[in-house]
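This is target.txt (compact mmCIF, C-alpha atoms and all ligand atoms).
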# COMPACT_ATOMS: atom_id res chain seq x y z
CA MET A 966 89.42 15.16 95.38
CA GLN A 967 86.93 17.01 97.56
CA PHE A 968 84.99 18.05 94.46
CA GLU A 969 84.90 14.45 93.23
CA GLN A 970 83.56 13.26 96.59
CA HIS A 971 80.86 15.91 96.48
CA VAL A 972 79.81 14.91 92.95
CA PHE A 973 79.87 11.23 93.90
CA ARG A 974 77.70 11.84 96.99
CA ARG A 975 75.26 13.99 95.01
CA ASN A 976 74.88 11.24 92.40
CA ILE A 977 74.19 8.59 94.99
CA VAL A 978 71.45 10.68 96.55
CA SER A 979 69.81 11.64 93.28
CA GLU A 980 70.09 8.18 91.77
CA SER A 981 68.92 6.36 94.85
CA SER A 982 65.76 8.45 95.00
CA PHE A 983 65.28 7.98 91.26
CA LEU A 984 65.65 4.22 91.54
CA ALA A 985 63.42 4.05 94.63
CA ALA A 986 60.69 5.77 92.64
CA GLU A 987 61.27 3.24 89.88
CA ALA A 988 60.88 0.37 92.33
CA ASP A 989 57.53 1.78 93.46
CA MET A 990 56.38 2.02 89.85
CA ARG A 991 57.52 -1.52 89.12
CA LEU A 992 55.33 -2.84 91.92
CA GLU A 993 52.34 -1.12 90.34
CA ARG A 994 53.11 -2.46 86.89
CA THR A 995 53.93 -6.10 87.36
CA ALA A 996 51.01 -7.28 85.22
CA ASP A 997 51.85 -5.01 82.28
CA LYS A 998 53.47 -6.26 79.11
CA ARG A 999 54.91 -3.96 76.50
CA LYS A 1000 53.34 -3.94 73.07
CA ASN A 1001 55.30 -4.06 69.83
CA GLU A 1002 55.02 -0.63 68.23
CA SER A 1003 54.01 -2.26 64.93
CA ALA A 1004 50.88 -3.60 66.66
CA ALA A 1005 49.86 -0.23 68.11
CA SER A 1006 46.57 1.02 66.73
CA PRO A 1007 46.33 4.40 64.98
CA GLU A 1008 44.57 5.71 68.09
CA GLU A 1009 47.34 4.47 70.39
CA ARG A 1010 49.96 6.08 68.15
CA THR A 1011 48.10 9.37 68.14
CA ARG A 1012 47.63 9.34 71.92
CA TYR A 1013 51.33 8.57 72.42
CA ARG A 1014 52.41 11.56 70.33
CA GLU A 1015 49.79 13.84 71.90
CA VAL A 1016 50.88 12.94 75.44
CA ILE A 1017 54.54 13.53 74.59
CA GLU A 1018 53.64 16.92 73.13
CA ALA A 1019 51.66 17.76 76.29
CA LEU A 1020 54.64 16.80 78.48
CA ILE A 1021 56.88 18.97 76.34
CA ALA A 1022 54.46 21.87 76.71
CA ASP A 1023 54.31 21.61 80.53
CA GLY A 1024 58.09 21.14 80.88
CA SER A 1025 57.95 17.58 82.27
CA TYR A 1026 59.58 16.08 79.22
CA GLY A 1027 62.39 18.63 79.30
CA GLU A 1028 63.10 17.74 82.94
CA LEU A 1029 63.52 14.09 81.94
CA VAL A 1030 65.70 15.04 78.98
CA ALA A 1031 67.90 17.04 81.38
CA ILE A 1032 68.32 13.92 83.53
CA HIS A 1033 69.20 11.86 80.47
CA ILE A 1034 71.85 14.23 79.16
CA ASP A 1035 73.52 14.39 82.60
CA MET A 1036 76.39 11.99 81.99
CA SER A 1037 77.35 11.99 85.67
CA HIS A 1038 74.84 9.13 85.96
CA ARG A 1039 77.32 7.03 83.96
CA GLN A 1040 74.44 5.36 82.14
CA HIS A 1041 76.11 4.89 78.75
CA SER A 1042 78.99 2.79 77.51
CA MET A 1043 81.15 5.90 77.12
CA ALA A 1044 81.52 5.66 80.92
CA GLY A 1045 83.38 2.39 80.39
CA PRO A 1046 82.43 -1.02 81.78
CA VAL A 1047 80.35 0.56 84.55
CA GLY A 1048 78.32 2.43 81.96
CA SER A 1049 77.80 -0.71 79.90
CA LYS A 1050 76.47 -2.55 82.94
CA ARG A 1051 74.25 0.35 83.96
CA PHE A 1052 72.80 0.98 80.49
CA LEU A 1053 69.80 -1.36 80.58
CA PRO A 1054 68.69 -0.97 84.23
CA TRP A 1055 69.19 2.79 84.17
CA HIS A 1056 67.20 3.21 80.97
CA ARG A 1057 64.50 0.82 82.17
CA ALA A 1058 64.01 2.99 85.26
CA PHE A 1059 64.12 6.11 83.10
CA LEU A 1060 61.41 4.83 80.76
CA LEU A 1061 59.22 3.83 83.69
CA LYS A 1062 59.52 7.35 85.00
CA LEU A 1063 58.55 8.73 81.59
CA GLU A 1064 55.64 6.33 81.35
CA GLN A 1065 54.43 7.37 84.80
CA LYS A 1066 54.45 11.00 83.66
CA MET A 1067 52.59 10.01 80.49
CA ARG A 1068 49.92 8.15 82.48
CA GLU A 1069 49.31 11.16 84.67
CA ARG A 1070 48.01 12.71 81.43
CA ASP A 1071 46.37 9.64 79.91
CA ALA A 1072 46.05 6.48 82.00
CA THR A 1073 45.66 4.32 78.88
CA VAL A 1074 48.91 5.30 77.18
CA SER A 1075 52.03 3.14 77.30
CA ILE A 1076 55.46 3.06 75.73
CA PRO A 1077 55.68 0.32 73.11
CA TYR A 1078 58.88 -1.51 72.27
CA TRP A 1079 60.60 -1.28 68.92
CA ASP A 1080 61.92 -4.59 67.54
CA TRP A 1081 64.77 -3.23 65.48
CA THR A 1082 65.82 -6.79 64.54
CA GLN A 1083 62.65 -6.89 62.38
CA ASN A 1084 62.33 -3.23 61.47
CA ARG A 1085 65.66 -1.41 61.14
CA GLY A 1086 64.16 1.92 60.19
CA ILE A 1087 62.47 4.38 62.51
CA PRO A 1088 58.82 3.28 62.62
CA ASP A 1089 56.80 5.23 60.05
CA TRP A 1090 54.45 6.65 62.66
CA MET A 1091 57.42 8.19 64.55
CA ALA A 1092 59.69 9.08 61.63
CA GLY A 1093 58.50 12.68 61.32
CA PHE A 1094 57.89 13.23 65.02
CA MET A 1095 60.68 15.55 66.13
CA PRO A 1096 59.21 18.20 68.39
CA LYS A 1097 61.45 20.86 69.92
CA VAL A 1098 62.07 20.21 73.61
CA GLY A 1099 62.96 23.00 76.01
CA LEU A 1100 65.20 22.18 78.95
CA PRO A 1101 64.70 23.54 82.48
CA ASP A 1102 67.71 25.86 82.05
CA GLY A 1103 65.96 27.58 79.13
CA THR A 1104 68.02 26.02 76.36
CU CU B 1201 70.55 6.95 77.04
Now that the file is in, can you turn its structure into structure tokens?
Amino acid sequence: MQFEQHVFRRNIVSESSFLAAEADMRLERTADKRKNESAASPEERTRYREVIEALIADGSYGELVAIHIDMSHRQHSMAGPVGSKRFLPWHRAFLLKLEQKMRERDATVSIPYWDWTQNRGIPDWMAGFMPKVGLPDGT
């Protein structure tokens, strides 16, 4: 019971600071509109991949991956109804955090959306993009 309370308290602190950062980013981005990935130019696609590779190289991407694989955030449906309700807002905040990191490298880059109702397959320009990501714990 004491352990559960500790974990619960830790999650509230870490998630509240994460979501507060997201709220700050949202204020900065209110005029932005996501672009369909199919409309991204070859240059935009190249910059996207290059920025991701740069974030992998400096460890930033791995830090975000470590947050995503931490299931104590209960951000997926496997956490039950709470996870289902948290899925979209949690991932929206997560992607804004990623995009902020990307823009520190290249202010013109953005994360496009993928309309899988029109294109069921992984977009061609991302299909072979599977770089190895190192996590902060060295794995
Ligand atoms: Cu997820």
| field | Exercise answer, 10 Å around ligand CU 1201 (chain B) with all atoms listed in the file, as a PyMOL selection string | value | chain A and resi 1030+1032-1036+1039-1042+1052-1053+1055-1056+1059
| Contacts of Ala1005 of chain A within 12 Å, only C-alpha atoms, excl. fewer than 4 positions in-chain, as a VMD selection string | chain A and resid 999 to 1001 1009 to 1013 1074 to 1079 1088 to 1091
| request: Check the smallest atom-to-atom distance from each of A:Val1047, A:Leu1063, A:Asp1080, A:Gly1099 to Glu1002 of chain A using all atoms listed in the file, then report the winner. | output: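 So, comparing all the options, the nearest one is A:Asp1080.
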| query | Just how far from atom CA of Ala1072 of chain A is atom CA of Ile1017 of chain A, in Å to one decimal? | reply |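 Atom-to-atom, atom CA of Ile1017 of chain A and atom CA of Ala1072 of chain A are spaced 13.3 Å apart.
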| Could you state the separation of atom CA of Ile1021 of chain A and atom CA of Phe1094 of chain A in Å, given to one decimal place? |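 Atom CA of Phe1094 of chain A lies at a distance of 12.7 Å from atom CA of Ile1021 of chain A.
Comparing the minimum interatomic distances between Ala1022 of chain A and each of A:Gln1065, A:Ser1049, A:Val1098, A:Pro1007, counting all atoms listed in the file, we find that A:Val1098 sits nearest.
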| query | A:Glu1028, A:Glu1064, A:Asp1023, A:Asp1071: which is nearest Asp1102 of chain A, counting all atoms listed in the file? | reply | A:Glu1028
Would you save segment 1016-1083 of chain A from the block above with C-alpha atoms, as an mmCIF file, in the first residue's frame?
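Generated output (result-v7.cif):
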data_model
loop_
_atom_site.group_PDB
_atom_site.id
_atom_site.type_symbol
_atom_site.label_atom_id
_atom_site.label_comp_id
_atom_site.auth_asym_id
_atom_site.auth_seq_id
_atom_site.Cartn_x
_atom_site.Cartn_y
_atom_site.Cartn_z
ATOM 1 C CA VAL A 1016 15.881 15.837 -37.208
ATOM 2 C CA ILE A 1017 14.718 12.530 -35.738
ATOM 3 C CA GLU A 1018 18.156 11.053 -36.417
ATOM 4 C CA ALA A 1019 19.790 14.071 -34.738
ATOM 5 C CA LEU A 1020 17.559 13.649 -31.670
ATOM 6 C CA ILE A 1021 18.461 9.976 -31.544
ATOM 7 C CA ALA A 1022 22.154 10.855 -31.730
ATOM 8 C CA ASP A 1023 21.970 13.384 -28.857
ATOM 9 C CA GLY A 1024 19.807 11.109 -26.672
ATOM 10 C CA SER A 1025 16.708 13.338 -26.659
ATOM 11 C CA TYR A 1026 14.636 10.873 -28.623
ATOM 12 C CA GLY A 1027 15.609 8.013 -26.323
ATOM 13 C CA GLU A 1028 14.471 10.056 -23.313
ATOM 14 C CA LEU A 1029 11.050 10.465 -24.914
ATOM 15 C CA VAL A 1030 10.899 6.783 -25.816
ATOM 16 C CA ALA A 1031 11.650 5.969 -22.161
ATOM 17 C CA ILE A 1032 8.678 8.108 -21.114
ATOM 18 C CA HIS A 1033 6.458 6.372 -23.657
ATOM 19 C CA ILE A 1034 7.358 2.846 -22.586
ATOM 20 C CA ASP A 1035 6.707 3.708 -18.913
ATOM 21 C CA MET A 1036 3.259 2.181 -18.541
ATOM 22 C CA SER A 1037 2.793 3.741 -15.099
ATOM 23 C CA HIS A 1038 1.408 6.730 -17.033
ATOM 24 C CA ARG A 1039 -1.585 4.519 -17.884
ATOM 25 C CA GLN A 1040 -1.726 6.044 -21.355
ATOM 26 C CA HIS A 1041 -2.897 2.974 -23.275
ATOM 27 C CA SER A 1042 -6.079 0.944 -23.302
ATOM 28 C CA MET A 1043 -4.310 -1.947 -21.560
ATOM 29 C CA ALA A 1044 -4.711 0.195 -18.414
ATOM 30 C CA GLY A 1045 -8.470 -0.258 -18.764
ATOM 31 C CA PRO A 1046 -11.074 2.490 -19.148
ATOM 32 C CA VAL A 1047 -8.726 5.076 -17.624
ATOM 33 C CA GLY A 1048 -6.115 4.261 -20.238
ATOM 34 C CA SER A 1049 -8.657 4.504 -23.042
ATOM 35 C CA LYS A 1050 -9.697 7.959 -21.873
ATOM 36 C CA ARG A 1051 -6.100 9.093 -21.436
ATOM 37 C CA PHE A 1052 -4.858 7.779 -24.787
ATOM 38 C CA LEU A 1053 -5.554 10.800 -27.005
ATOM 39 C CA PRO A 1054 -4.721 13.661 -24.600
ATOM 40 C CA TRP A 1055 -1.604 11.914 -23.310
ATOM 41 C CA HIS A 1056 -0.298 11.219 -26.797
ATOM 42 C CA ARG A 1057 -1.190 14.715 -27.980
ATOM 43 C CA ALA A 1058 0.948 16.161 -25.169
ATOM 44 C CA PHE A 1059 3.678 13.640 -25.942
ATOM 45 C CA LEU A 1060 3.807 14.585 -29.622
ATOM 46 C CA LEU A 1061 3.904 18.283 -28.767
ATOM 47 C CA LYS A 1062 6.885 17.594 -26.556
ATOM 48 C CA LEU A 1063 8.577 15.698 -29.391
ATOM 49 C CA GLU A 1064 7.786 18.479 -31.832
ATOM 50 C CA GLN A 1065 9.242 21.059 -29.456
ATOM 51 C CA LYS A 1066 12.468 19.036 -29.319
ATOM 52 C CA MET A 1067 12.457 18.774 -33.118
ATOM 53 C CA ARG A 1068 12.022 22.542 -33.500
ATOM 54 C CA GLU A 1069 14.968 23.217 -31.246
ATOM 55 C CA ARG A 1070 16.959 21.597 -34.068
ATOM 56 C CA ASP A 1071 14.999 22.941 -37.032
ATOM 57 C CA ALA A 1072 12.331 25.585 -36.451
ATOM 58 C CA THR A 1073 10.610 24.739 -39.747
ATOM 59 C CA VAL A 1074 9.986 21.052 -39.065
ATOM 60 C CA SER A 1075 6.637 19.704 -37.900
ATOM 61 C CA ILE A 1076 4.997 16.355 -37.320
ATOM 62 C CA PRO A 1077 2.477 15.599 -40.058
ATOM 63 C CA TYR A 1078 -0.614 13.492 -39.522
ATOM 64 C CA TRP A 1079 -1.183 10.151 -41.186
ATOM 65 C CA ASP A 1080 -4.714 9.577 -42.505
ATOM 66 C CA TRP A 1081 -4.813 5.818 -42.222
ATOM 67 C CA THR A 1082 -8.445 5.793 -43.405
ATOM 68 C CA GLN A 1083 -7.063 6.750 -46.853
#
